[in-house]
Structure formats: C-alpha cells, structure tokens
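Here's work_10.cif, which has mmCIF, C-alpha atoms and all ligand atoms:
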```
data_coords
#
loop_
_atom_site.group_PDB
_atom_site.id
_atom_site.type_symbol
_atom_site.label_atom_id
_atom_site.label_comp_id
_atom_site.auth_asym_id
_atom_site.auth_seq_id
_atom_site.Cartn_x
_atom_site.Cartn_y
_atom_site.Cartn_z
ATOM 1 C CA MET A 26 -0.658 -16.361 12.687
ATOM 2 C CA ALA A 27 2.465 -16.797 10.538
ATOM 3 C CA VAL A 28 3.771 -13.661 8.880
ATOM 4 C CA SER A 29 3.011 -15.064 5.424
ATOM 5 C CA ASP A 30 -0.656 -15.582 6.407
ATOM 6 C CA ARG A 31 -1.123 -11.954 7.294
ATOM 7 C CA ALA A 32 -2.918 -9.503 5.063
ATOM 8 C CA PRO A 33 -0.480 -7.610 2.811
ATOM 9 C CA VAL A 34 0.325 -3.972 3.541
ATOM 10 C CA LEU A 35 1.326 -1.157 1.211
ATOM 11 C CA THR A 36 2.632 1.850 3.152
ATOM 12 C CA ILE A 37 2.496 5.426 1.847
ATOM 13 C CA ASP A 38 4.603 7.759 4.000
ATOM 14 C CA GLY A 39 5.649 11.354 3.430
ATOM 15 C CA PRO A 40 5.209 14.978 4.530
ATOM 16 C CA SER A 41 1.800 16.656 4.634
ATOM 17 C CA GLY A 42 0.470 17.927 1.313
ATOM 18 C CA ALA A 43 2.402 15.401 -0.796
ATOM 19 C CA GLY A 44 -0.936 13.845 -1.801
ATOM 20 C CA LYS A 45 -0.854 10.740 0.403
ATOM 21 C CA GLY A 46 -4.564 10.932 1.254
ATOM 22 C CA ALA A 47 -5.813 11.191 -2.322
ATOM 23 C CA VAL A 48 -3.323 8.589 -3.559
ATOM 24 C CA SER A 49 -4.222 6.152 -0.749
ATOM 25 C CA ALA A 50 -7.960 6.544 -1.366
ATOM 26 C CA ARG A 51 -7.496 5.851 -5.114
ATOM 27 C CA LEU A 52 -5.247 2.874 -4.464
ATOM 28 C CA ALA A 53 -7.706 1.423 -1.946
ATOM 29 C CA GLN A 54 -10.467 1.814 -4.537
ATOM 30 C CA ARG A 55 -8.429 0.269 -7.368
ATOM 31 C CA LEU A 56 -7.220 -2.686 -5.279
ATOM 32 C CA GLY A 57 -10.378 -3.078 -3.147
ATOM 33 C CA TRP A 58 -8.225 -2.881 0.016
ATOM 34 C CA ASN A 59 -8.788 -1.259 3.412
ATOM 35 C CA VAL A 60 -7.204 2.095 4.192
ATOM 36 C CA LEU A 61 -5.693 3.509 7.381
ATOM 37 C CA ASP A 62 -5.359 7.300 7.567
ATOM 38 C CA SER A 63 -2.975 7.494 10.529
ATOM 39 C CA GLY A 64 -2.808 11.309 10.311
ATOM 40 C CA ALA A 65 -6.537 11.280 11.111
ATOM 41 C CA VAL A 66 -5.759 9.165 14.187
ATOM 42 C CA TYR A 67 -3.317 11.813 15.508
ATOM 43 C CA ARG A 68 -5.737 14.562 14.538
ATOM 44 C CA ALA A 69 -8.531 12.761 16.405
ATOM 45 C CA VAL A 70 -6.405 12.602 19.578
ATOM 46 C CA ALA A 71 -5.696 16.327 19.166
ATOM 47 C CA LEU A 72 -9.345 17.225 18.606
ATOM 48 C CA ALA A 73 -10.527 15.079 21.516
ATOM 49 C CA ALA A 74 -7.871 16.665 23.766
ATOM 50 C CA LEU A 75 -8.954 20.173 22.715
ATOM 51 C CA ASP A 76 -12.618 19.299 23.328
ATOM 52 C CA ARG A 77 -11.766 17.992 26.802
ATOM 53 C CA GLY A 78 -9.484 20.917 27.644
ATOM 54 C CA ILE A 79 -6.467 18.647 28.201
ATOM 55 C CA ASP A 80 -3.231 20.649 28.392
ATOM 56 C CA VAL A 81 -0.552 18.729 26.452
ATOM 57 C CA ASP A 82 2.272 20.266 28.476
ATOM 58 C CA VAL A 83 0.710 19.523 31.851
ATOM 59 C CA ASP A 84 -1.540 16.474 31.701
ATOM 60 C CA ARG A 85 0.380 13.781 29.798
ATOM 61 C CA GLU A 86 -1.354 10.960 31.639
ATOM 62 C CA ALA A 87 -4.806 12.106 30.596
ATOM 63 C CA LEU A 88 -3.573 12.381 27.020
ATOM 64 C CA VAL A 89 -2.132 8.858 26.979
ATOM 65 C CA GLU A 90 -5.315 7.472 28.517
ATOM 66 C CA LEU A 91 -7.327 9.268 25.851
ATOM 67 C CA ALA A 92 -5.097 7.820 23.088
ATOM 68 C CA ARG A 93 -5.378 4.311 24.530
ATOM 69 C CA GLY A 94 -9.185 4.332 24.557
ATOM 70 C CA LEU A 95 -9.739 6.697 21.656
ATOM 71 C CA PRO A 96 -13.474 6.715 20.821
ATOM 72 C CA LEU A 97 -12.677 6.629 17.097
ATOM 73 C CA ALA A 98 -14.295 4.836 14.162
ATOM 74 C CA PHE A 99 -13.729 5.014 10.402
ATOM 75 C CA ARG A 100 -16.869 4.654 8.267
ATOM 76 C CA ALA A 101 -17.336 4.519 4.531
ATOM 77 C CA GLY A 102 -19.379 7.627 3.665
ATOM 78 C CA SER A 103 -20.627 9.115 0.408
ATOM 79 C CA ASP A 104 -17.507 11.323 0.297
ATOM 80 C CA GLY A 105 -14.920 8.639 1.056
ATOM 81 C CA ILE A 106 -13.820 7.567 4.528
ATOM 82 C CA GLU A 107 -15.489 9.519 7.330
ATOM 83 C CA VAL A 108 -14.091 9.824 10.837
ATOM 84 C CA GLU A 109 -16.368 9.441 13.831
ATOM 85 C CA LEU A 110 -15.133 10.731 17.171
ATOM 86 C CA ASP A 111 -17.156 10.364 20.388
ATOM 87 C CA GLY A 112 -19.935 8.916 18.219
ATOM 88 C CA CYS A 113 -20.205 12.070 16.045
ATOM 89 C CA LEU A 114 -18.810 12.852 12.602
ATOM 90 C CA ALA A 115 -15.621 14.884 13.064
ATOM 91 C CA GLY A 116 -15.967 16.418 9.568
ATOM 92 C CA ASP A 117 -13.961 19.527 8.707
ATOM 93 C CA ARG A 118 -12.985 20.156 12.342
ATOM 94 C CA LEU A 119 -10.334 17.453 11.961
ATOM 95 C CA ARG A 120 -8.582 19.455 9.208
ATOM 96 C CA SER A 121 -8.646 22.915 10.841
ATOM 97 C CA GLU A 122 -5.339 24.688 11.453
ATOM 98 C CA ALA A 123 -5.834 24.561 15.246
ATOM 99 C CA VAL A 124 -6.137 20.772 15.136
ATOM 100 C CA SER A 125 -3.156 20.501 12.706
ATOM 101 C CA VAL A 126 -0.927 22.409 15.110
ATOM 102 C CA MET A 127 -2.137 20.410 18.134
ATOM 103 C CA ALA A 128 -1.724 17.076 16.266
ATOM 104 C CA SER A 129 1.875 17.935 15.460
ATOM 105 C CA ARG A 130 2.537 18.620 19.172
ATOM 106 C CA VAL A 131 0.778 15.439 20.286
ATOM 107 C CA ALA A 132 2.660 13.351 17.703
ATOM 108 C CA VAL A 133 6.086 14.079 19.268
ATOM 109 C CA LEU A 134 5.136 12.258 22.478
ATOM 110 C CA PRO A 135 6.469 8.670 22.483
ATOM 111 C CA GLU A 136 3.874 7.496 25.065
ATOM 112 C CA VAL A 137 1.051 8.682 22.814
ATOM 113 C CA ARG A 138 2.587 7.015 19.751
ATOM 114 C CA ALA A 139 3.003 3.746 21.650
ATOM 115 C CA ALA A 140 -0.618 3.927 22.867
ATOM 116 C CA LEU A 141 -1.822 4.171 19.250
ATOM 117 C CA LEU A 142 0.104 1.191 17.851
ATOM 118 C CA ASP A 143 -2.526 -1.503 18.505
ATOM 119 C CA LEU A 144 -5.312 0.585 16.998
ATOM 120 C CA GLN A 145 -3.270 1.068 13.815
ATOM 121 C CA ARG A 146 -2.026 -2.516 13.514
ATOM 122 C CA GLY A 147 -5.586 -3.738 14.041
ATOM 123 C CA CYS A 148 -6.440 -2.232 10.631
ATOM 124 C CA ARG A 149 -4.376 -4.922 8.862
ATOM 125 C CA LYS A 150 -7.211 -7.052 7.532
ATOM 126 C CA PRO A 151 -7.796 -9.043 4.320
ATOM 127 C CA PRO A 152 -7.669 -8.512 1.447
ATOM 128 C CA GLY A 153 -4.989 -5.927 2.274
ATOM 129 C CA LEU A 154 -4.240 -2.523 3.766
ATOM 130 C CA ILE A 155 -3.055 0.802 2.374
ATOM 131 C CA ALA A 156 -1.446 2.544 5.368
ATOM 132 C CA ASP A 157 -1.015 6.307 4.998
ATOM 133 C CA GLY A 158 1.223 8.281 7.380
ATOM 134 C CA ARG A 159 4.770 9.166 8.430
ATOM 135 C CA ASP A 160 6.058 6.046 10.167
ATOM 136 C CA MET A 161 3.971 3.324 8.536
ATOM 137 C CA GLY A 162 6.970 1.705 6.827
ATOM 138 C CA THR A 163 9.503 2.398 9.591
ATOM 139 C CA ILE A 164 7.623 1.657 12.857
ATOM 140 C CA VAL A 165 4.018 0.515 12.518
ATOM 141 C CA PHE A 166 4.407 -1.993 9.647
ATOM 142 C CA PRO A 167 8.176 -2.593 9.271
ATOM 143 C CA ASP A 168 7.398 -5.871 7.463
ATOM 144 C CA ALA A 169 5.147 -4.237 4.829
ATOM 145 C CA GLU A 170 5.536 -5.831 1.405
ATOM 146 C CA LEU A 171 5.740 -2.480 -0.407
ATOM 147 C CA LYS A 172 6.794 0.869 1.061
ATOM 148 C CA VAL A 173 6.403 4.135 -0.814
ATOM 149 C CA PHE A 174 7.707 7.520 0.351
ATOM 150 C CA LEU A 175 5.724 10.230 -1.411
ATOM 151 C CA GLN A 176 7.289 13.671 -1.528
ATOM 152 C CA ALA A 177 6.749 17.057 -3.238
ATOM 153 C CA SER A 178 8.393 20.476 -2.904
ATOM 154 C CA VAL A 179 7.266 22.615 0.047
ATOM 155 C CA GLU A 180 6.060 25.369 -2.369
ATOM 156 C CA GLU A 181 3.797 22.931 -4.183
ATOM 157 C CA ARG A 182 2.479 21.452 -0.935
ATOM 158 C CA ALA A 183 1.716 24.881 0.556
ATOM 159 C CA LYS A 184 -0.197 25.823 -2.634
ATOM 160 C CA ARG A 185 -2.268 22.630 -2.472
ATOM 161 C CA ARG A 186 -3.120 23.198 1.190
ATOM 162 C CA TYR A 187 -4.012 26.845 0.464
ATOM 163 C CA LYS A 188 -6.493 25.820 -2.234
ATOM 164 C CA GLN A 189 -7.955 23.132 -0.003
ATOM 165 C CA LEU A 190 -8.511 25.488 2.986
ATOM 166 C CA LYS A 191 -9.802 28.351 0.784
ATOM 167 C CA SER A 192 -12.382 26.061 -0.789
ATOM 168 C CA LYS A 193 -13.621 25.312 2.715
ATOM 169 C CA GLY A 194 -13.985 29.026 3.454
ATOM 170 C CA GLU A 195 -10.996 29.289 5.845
ATOM 171 C CA ASN A 196 -9.260 32.653 5.852
ATOM 172 C CA VAL A 197 -5.617 31.759 5.145
ATOM 173 C CA ILE A 198 -2.507 33.502 3.783
ATOM 174 C CA LEU A 199 -0.244 31.543 1.425
ATOM 175 C CA SER A 200 3.067 32.892 2.781
ATOM 176 C CA ARG A 201 1.983 32.050 6.318
ATOM 177 C CA LEU A 202 1.000 28.520 5.287
ATOM 178 C CA PHE A 203 4.375 28.108 3.570
ATOM 179 C CA GLN A 204 6.206 29.106 6.770
ATOM 180 C CA ASP A 205 3.992 26.939 8.980
ATOM 181 C CA MET A 206 4.514 23.991 6.667
ATOM 182 C CA GLN A 207 8.290 24.440 6.674
ATOM 183 C CA ALA A 208 8.309 24.606 10.476
ATOM 184 C CA ARG A 209 6.012 21.587 10.798
ATOM 185 C CA ASP A 210 8.107 19.612 8.278
ATOM 186 C CA ARG A 211 11.229 20.327 10.268
ATOM 187 C CA ARG A 212 9.553 19.279 13.519
ATOM 188 C CA ASP A 213 8.232 16.058 11.958
ATOM 189 C CA ARG A 214 11.539 15.247 10.234
ATOM 190 C CA GLU A 215 13.871 16.038 13.125
ATOM 191 C CA ARG A 216 11.853 14.689 16.033
ATOM 192 C CA ALA A 217 13.451 11.934 18.063
ATOM 193 C CA VAL A 218 10.513 9.520 17.782
ATOM 194 C CA ALA A 219 9.239 8.235 14.460
ATOM 195 C CA PRO A 220 10.686 11.033 12.285
ATOM 196 C CA THR A 221 9.185 11.489 8.804
ATOM 197 C CA VAL A 222 11.968 9.820 6.817
ATOM 198 C CA PRO A 223 11.829 7.070 4.184
ATOM 199 C CA ALA A 224 12.317 3.495 5.409
ATOM 200 C CA PHE A 225 15.637 2.092 4.131
ATOM 201 C CA ASP A 226 13.686 -0.171 1.764
ATOM 202 C CA ALA A 227 11.127 2.437 0.591
ATOM 203 C CA VAL A 228 10.673 3.558 -3.016
ATOM 204 C CA VAL A 229 10.702 7.378 -3.214
ATOM 205 C CA VAL A 230 8.061 8.896 -5.550
ATOM 206 C CA ASP A 231 8.012 12.676 -6.214
ATOM 207 C CA SER A 232 4.564 14.157 -6.916
ATOM 208 C CA THR A 233 5.656 17.801 -7.517
ATOM 209 C CA ARG A 234 5.073 17.570 -11.269
ATOM 210 C CA LEU A 235 3.261 14.270 -11.498
ATOM 211 C CA PRO A 236 -0.564 14.412 -11.559
ATOM 212 C CA LEU A 237 -2.546 12.217 -9.191
ATOM 213 C CA ASP A 238 -3.311 9.610 -11.888
ATOM 214 C CA GLY A 239 0.391 9.350 -12.738
ATOM 215 C CA VAL A 240 1.363 8.790 -9.095
ATOM 216 C CA VAL A 241 -1.352 6.154 -8.644
ATOM 217 C CA GLN A 242 -0.302 4.334 -11.812
ATOM 218 C CA ARG A 243 3.366 4.351 -10.785
ATOM 219 C CA ILE A 244 2.455 2.747 -7.438
ATOM 220 C CA ILE A 245 0.113 0.219 -9.082
ATOM 221 C CA ASP A 246 3.029 -0.763 -11.361
ATOM 222 C CA LEU A 247 5.264 -1.251 -8.311
ATOM 223 C CA ALA A 248 2.488 -3.153 -6.491
ATOM 224 C CA SER A 249 1.864 -5.507 -9.377
ATOM 225 C CA CYS A 250 5.467 -6.752 -9.047
ATOM 226 C CA ARG A 251 5.030 -7.492 -5.324
ATOM 227 C CA PHE A 252 1.400 -8.532 -4.847
ATOM 228 C CA ASP A 253 -0.911 -10.981 -6.450
ATOM 229 C CA ILE A 254 -3.286 -8.282 -7.755
HETATM 230 O O1 LIG B 301 -0.836 13.755 7.649
HETATM 231 P P1 LIG B 301 -1.566 14.704 8.596
HETATM 232 O O2 LIG B 301 -1.260 16.153 8.298
HETATM 233 O O3 LIG B 301 -3.031 14.447 8.664
HETATM 234 O O4 LIG B 301 -0.954 14.388 10.069
HETATM 235 C C1 LIG B 301 -1.322 15.131 11.204
HETATM 236 C C2 LIG B 301 -0.151 15.177 12.174
HETATM 237 O O5 LIG B 301 0.102 13.871 12.705
HETATM 238 C C3 LIG B 301 1.173 15.675 11.567
HETATM 239 O O6 LIG B 301 1.797 16.596 12.457
HETATM 240 C C4 LIG B 301 2.021 14.452 11.479
HETATM 241 C C5 LIG B 301 1.457 13.515 12.509
HETATM 242 N N1 LIG B 301 1.511 12.115 12.099
HETATM 243 C C6 LIG B 301 2.481 11.336 12.668
HETATM 244 O O7 LIG B 301 3.275 11.806 13.471
HETATM 245 N N2 LIG B 301 2.542 10.004 12.338
HETATM 246 C C7 LIG B 301 1.695 9.485 11.455
HETATM 247 N N3 LIG B 301 1.793 8.197 11.157
HETATM 248 C C8 LIG B 301 0.710 10.289 10.852
HETATM 249 C C9 LIG B 301 0.648 11.613 11.179
#
```
Translate this structure into structure tokens?
Amino acid sequence: MAVSDRAPVLTIDGPSGAGKGAVSARLAQRLGWNVLDSGAVYRAVALAALDRGIDVDVDREALVELARGLPLAFRAGSDGIEVELDGCLAGDRLRSEAVSVMASRVAVLPEVRAALLDLQRGCRKPPGLIADGRDMGTIVFPDAELKVFLQASVEERAKRRYKQLKSKGENVILSRLFQDMQARDRRDRERAVAPTVPAFDAVVVDSTRLPLDGVVQRIIDLASCRFDI
C-alpha cells in the first residue's frame, strides 16, 4: 500500500500525567478515529509478567516471547476503551503503582520494544488513528501527519495522579508520588531506547494551565490544517 493510501495518524507523546489519555479519548471521539493507548500495551506486558512470575532481570527470553504473543485486546466499553488481558478485563490492576513501576522497567528493554512494534502499527486503520505514548512520533509512526508533544509541570502531574489514585481508594502520599514521578521521568527521558522526547517535527503543547477542553481544541485546530476533517 502506498504511503498516501494509509490511514492518517495523529501522535500524542509526552510524560505520564500530562493528560495524553484524556486528550486522546476526546480527540478520538470528536474525529471518530481509532485510538492506541501504547502505555496500556507496556502495562499489559508488565501485568502479564507479574502474573506469570517472570523475573525481568533473569528471564528476558520469556519476557520477549510474552510481548510477541501478548494476549491483549482493546474493547469499547461503557467507560471508554477497556483492556482485556488473557481474556479477562484488566481494569484498575493495569494502573496500580506496582504495574507502573514494572512497566517502566520493561519499557527500557529494546527487545521488548521491538516485539511490540507490529501490534502497535497494526492499529493504523481507517478512518484514522490517535496514537498515545512516548515514542509514537519518533519510532512507531515516524511518518505521522501530525505530531503533538503534550507536557505539564511535574508538580501538576503528580497532583493529578494523586487525585486519580485517591479516588480509586489507593493509599498514596503526594510527596512520594512527586519523587517517583521525577525518577520515572528521568528514566524515560534519558533511556537509550525510545526516550520520551519530542520528535523534531512535533508541536509542543503545555497543559499545566490549560484545561482539557482547551488542549483538545488547540489540537483540533492544528489537525484541521493537516487533515481533511
Ligand atoms: O503512559 P503510561 O504511564 O501508561 O506508560 C506506562 C509505562 O510505559 C511508562 O513507564 C512509559 C512506558 N511507555 C513507553 O516506554 N513507550 C510508550 N510508547 C508508552 C509507554
């Protein structure tokens, strides 16, 4: 298929807590496009590895094999996109701190990232795809028609995550979350493979003081210059 015949892609990259998930879901709804939550893909590998007792430091081969044949499906549920792992809804387990930490460790392994490329690229289907992640514009879809890098201050992102976890009944401490987020940011930004940095041709949008609607509208404005929407 010629490049011009392929479904268009809008990538939304950035650190965790910048609002990529909410923004991507809204954009997908407004445009009627498909959505890829690539963070959920890494989280699913982490959760499946934890469930199977795979030691990331010892059993790389088992981890890569798991990533290659990941029993993962995205379904449209009443509450947005739901993730099914091993045939069961992953639900809140996917967002727990234990899985977040494990996902960040799994995501630094180049063999695992390579094993997940086909699964992610397979999501590029008509009428278009909103791809949410860290390396969507740099590695997975370097030819995306529009690339956005969404950022927000670490204080603001830690506060958002705190509220989110509290509302789910998790016992968390804000200062601890702030430190964890700083450490995770650094790991994601400075890692050798697929670091969380804007693509050279990405538009940087800061959501620290911009409400969700404002961010969505700004991206729709950018999209309307590039896509036939
Ligand atoms: O966005 P998130 O918090 O759900 O991502 C979970 C982890 O996966 C996080 O450590 C970053 C990593 N990740 C990645 O390396 N590449 C992506 N495209 C998406 C997420």
Quote the spacing between atom CA of Lys172 of chain A and atom CA of Ala140 of chain A in Å to one decimal place.
->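 It comes out at 23.2 Å.
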Would you mind telling me which residue in A:Ala227, A:Ala69, A:Leu56, A:Cys113 lies nearest to Leu95 of chain A when using all atoms listed in the file?
->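 Checking each candidate against Leu95 of chain A, we get A:Ala69 as the closest.
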Expressed in Å, the length from atom CA of Leu91 of chain A to atom CA of Ala73 of chain A is 7.9 Å
Selection as an mmCIF file with C-alpha atoms, in the coordinates of the input: residues within 8 Å of ligand LIG 301 (chain B) by only C-alpha atoms and all ligand atoms:
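Final file, result12.cif:
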```cif
data_model
loop_
_atom_site.group_PDB
_atom_site.id
_atom_site.type_symbol
_atom_site.label_atom_id
_atom_site.label_comp_id
_atom_site.auth_asym_id
_atom_site.auth_seq_id
_atom_site.Cartn_x
_atom_site.Cartn_y
_atom_site.Cartn_z
ATOM 1 C CA ASP A 38 4.603 7.759 4.000
ATOM 2 C CA PRO A 40 5.209 14.978 4.530
ATOM 3 C CA SER A 41 1.800 16.656 4.634
ATOM 4 C CA GLY A 42 0.470 17.927 1.313
ATOM 5 C CA LYS A 45 -0.854 10.740 0.403
ATOM 6 C CA GLY A 46 -4.564 10.932 1.254
ATOM 7 C CA ASP A 62 -5.359 7.300 7.567
ATOM 8 C CA SER A 63 -2.975 7.494 10.529
ATOM 9 C CA GLY A 64 -2.808 11.309 10.311
ATOM 10 C CA ALA A 65 -6.537 11.280 11.111
ATOM 11 C CA VAL A 66 -5.759 9.165 14.187
ATOM 12 C CA TYR A 67 -3.317 11.813 15.508
ATOM 13 C CA ARG A 68 -5.737 14.562 14.538
ATOM 14 C CA ARG A 120 -8.582 19.455 9.208
ATOM 15 C CA SER A 125 -3.156 20.501 12.706
ATOM 16 C CA VAL A 126 -0.927 22.409 15.110
ATOM 17 C CA MET A 127 -2.137 20.410 18.134
ATOM 18 C CA ALA A 128 -1.724 17.076 16.266
ATOM 19 C CA SER A 129 1.875 17.935 15.460
ATOM 20 C CA ARG A 130 2.537 18.620 19.172
ATOM 21 C CA VAL A 131 0.778 15.439 20.286
ATOM 22 C CA ALA A 132 2.660 13.351 17.703
ATOM 23 C CA VAL A 133 6.086 14.079 19.268
ATOM 24 C CA ARG A 138 2.587 7.015 19.751
ATOM 25 C CA ASP A 157 -1.015 6.307 4.998
ATOM 26 C CA GLY A 158 1.223 8.281 7.380
ATOM 27 C CA ARG A 159 4.770 9.166 8.430
ATOM 28 C CA ASP A 160 6.058 6.046 10.167
ATOM 29 C CA MET A 161 3.971 3.324 8.536
ATOM 30 C CA ARG A 209 6.012 21.587 10.798
ATOM 31 C CA ASP A 213 8.232 16.058 11.958
ATOM 32 C CA ALA A 219 9.239 8.235 14.460
ATOM 33 C CA PRO A 220 10.686 11.033 12.285
ATOM 34 C CA THR A 221 9.185 11.489 8.804
#
```
Residue nearest Cys148 of chain A - candidates A:Ala50, A:Ile254, A:Val60, A:Ala208, atoms counted: all atoms listed in the file |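 When distances to Cys148 of chain A are compared using all atoms listed in the file, the smallest one comes from A:Val60.
The protein and nucleic acid residues lying at most 12 Å from Pro236 of chain A are Ala43, Gly44, Ala47, Val48, Ala177, Val230, Gln242 and Arg243 of chain A, with only C-alpha atoms considered and sequence neighbours fewer than 6 positions away removed.
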State, in Å with one decimal place, the distance from atom CA of Ala217 of chain A to atom CA of Pro135 of chain A.
-> 8.9 Å
Please write as a ChimeraX atom specification the full residue list that the PyMOL selection byres (((chain A and resi 231) around 8) and not hetatm) yields on this file.
-> /A:175-177,229-230,232-235
Residues within 12 Å of (-8.6, 0.7, -9.9), file coords, all atoms listed in the file, listed as JSON, numbers by chain | {"A": [48, 49, 50, 51, 52, 53, 54, 55, 56, 57, 58, 238, 241, 242, 244, 245, 246, 254]}
Minimum-distance residue to Leu171 of chain A, chosen among A:Asp143, A:Glu107, A:Asp226, A:Asp76 (using only C-alpha atoms) |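 Closest to Leu171 of chain A, using only C-alpha atoms: A:Asp226.
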Evaluate the PyMOL selection byres (((chain A and resi 149) around 8) and not hetatm) and record the selected residues as a PDB file with C-alpha atoms, in the coordinates of the input, following the chain and residue labels used in the document.
```pdb
ATOM      1  CA  ARG A  31      -1.123 -11.954   7.294  1.00  0.00           C
ATOM      2  CA  ALA A  32      -2.918  -9.503   5.063  1.00  0.00           C
ATOM      3  CA  PRO A  33      -0.480  -7.610   2.811  1.00  0.00           C
ATOM      4  CA  VAL A  34       0.325  -3.972   3.541  1.00  0.00           C
ATOM      5  CA  ASN A  59      -8.788  -1.259   3.412  1.00  0.00           C
ATOM      6  CA  GLN A 145      -3.270   1.068  13.815  1.00  0.00           C
ATOM      7  CA  ARG A 146      -2.026  -2.516  13.514  1.00  0.00           C
ATOM      8  CA  GLY A 147      -5.586  -3.738  14.041  1.00  0.00           C
ATOM      9  CA  CYS A 148      -6.440  -2.232  10.631  1.00  0.00           C
ATOM     10  CA  LYS A 150      -7.211  -7.052   7.532  1.00  0.00           C
ATOM     11  CA  PRO A 151      -7.796  -9.043   4.320  1.00  0.00           C
ATOM     12  CA  GLY A 153      -4.989  -5.927   2.274  1.00  0.00           C
ATOM     13  CA  LEU A 154      -4.240  -2.523   3.766  1.00  0.00           C
TER      14      LEU A 154
END
```
For Asp82 of chain A, the nearest of the candidates A:Leu134, A:Ala98, A:Ala123, A:Val222, counting only C-alpha atoms |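 Answer, going by the shortest atom-to-atom distance: A:Leu134.
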Test item: residues at most 12 Å from Leu190 of chain A, only C-alpha atoms, excluding those fewer than 2 positions along its chain, as a PyMOL selection string = chain A and resi 42+117-118+120-122+183-188+192-199+202
Counting only C-alpha atoms, the residue of A:Val108, A:Ser200, A:Lys191, A:Ala74 that sits nearest Glu90 of chain A =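 Using only C-alpha atoms, Glu90 of chain A sits closest to A:Ala74.
Here the question is which of A:Leu247, A:Leu237, A:Met206, A:Val81 gets nearest to Val137 of chain A using only C-alpha atoms, and that residue is A:Val81.
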Find the axis-aligned box for segment 152-168 of chain A, covering all its listed atoms and adding 5 Å on each side, and write its centre and edge lengths in Å to one decimal as AutoDock Vina command-line options.
```
--center_x 0.9 --center_y 0.3 --center_z 7.2 --size_x 27.2 --size_y 27.7 --size_z 21.4
```
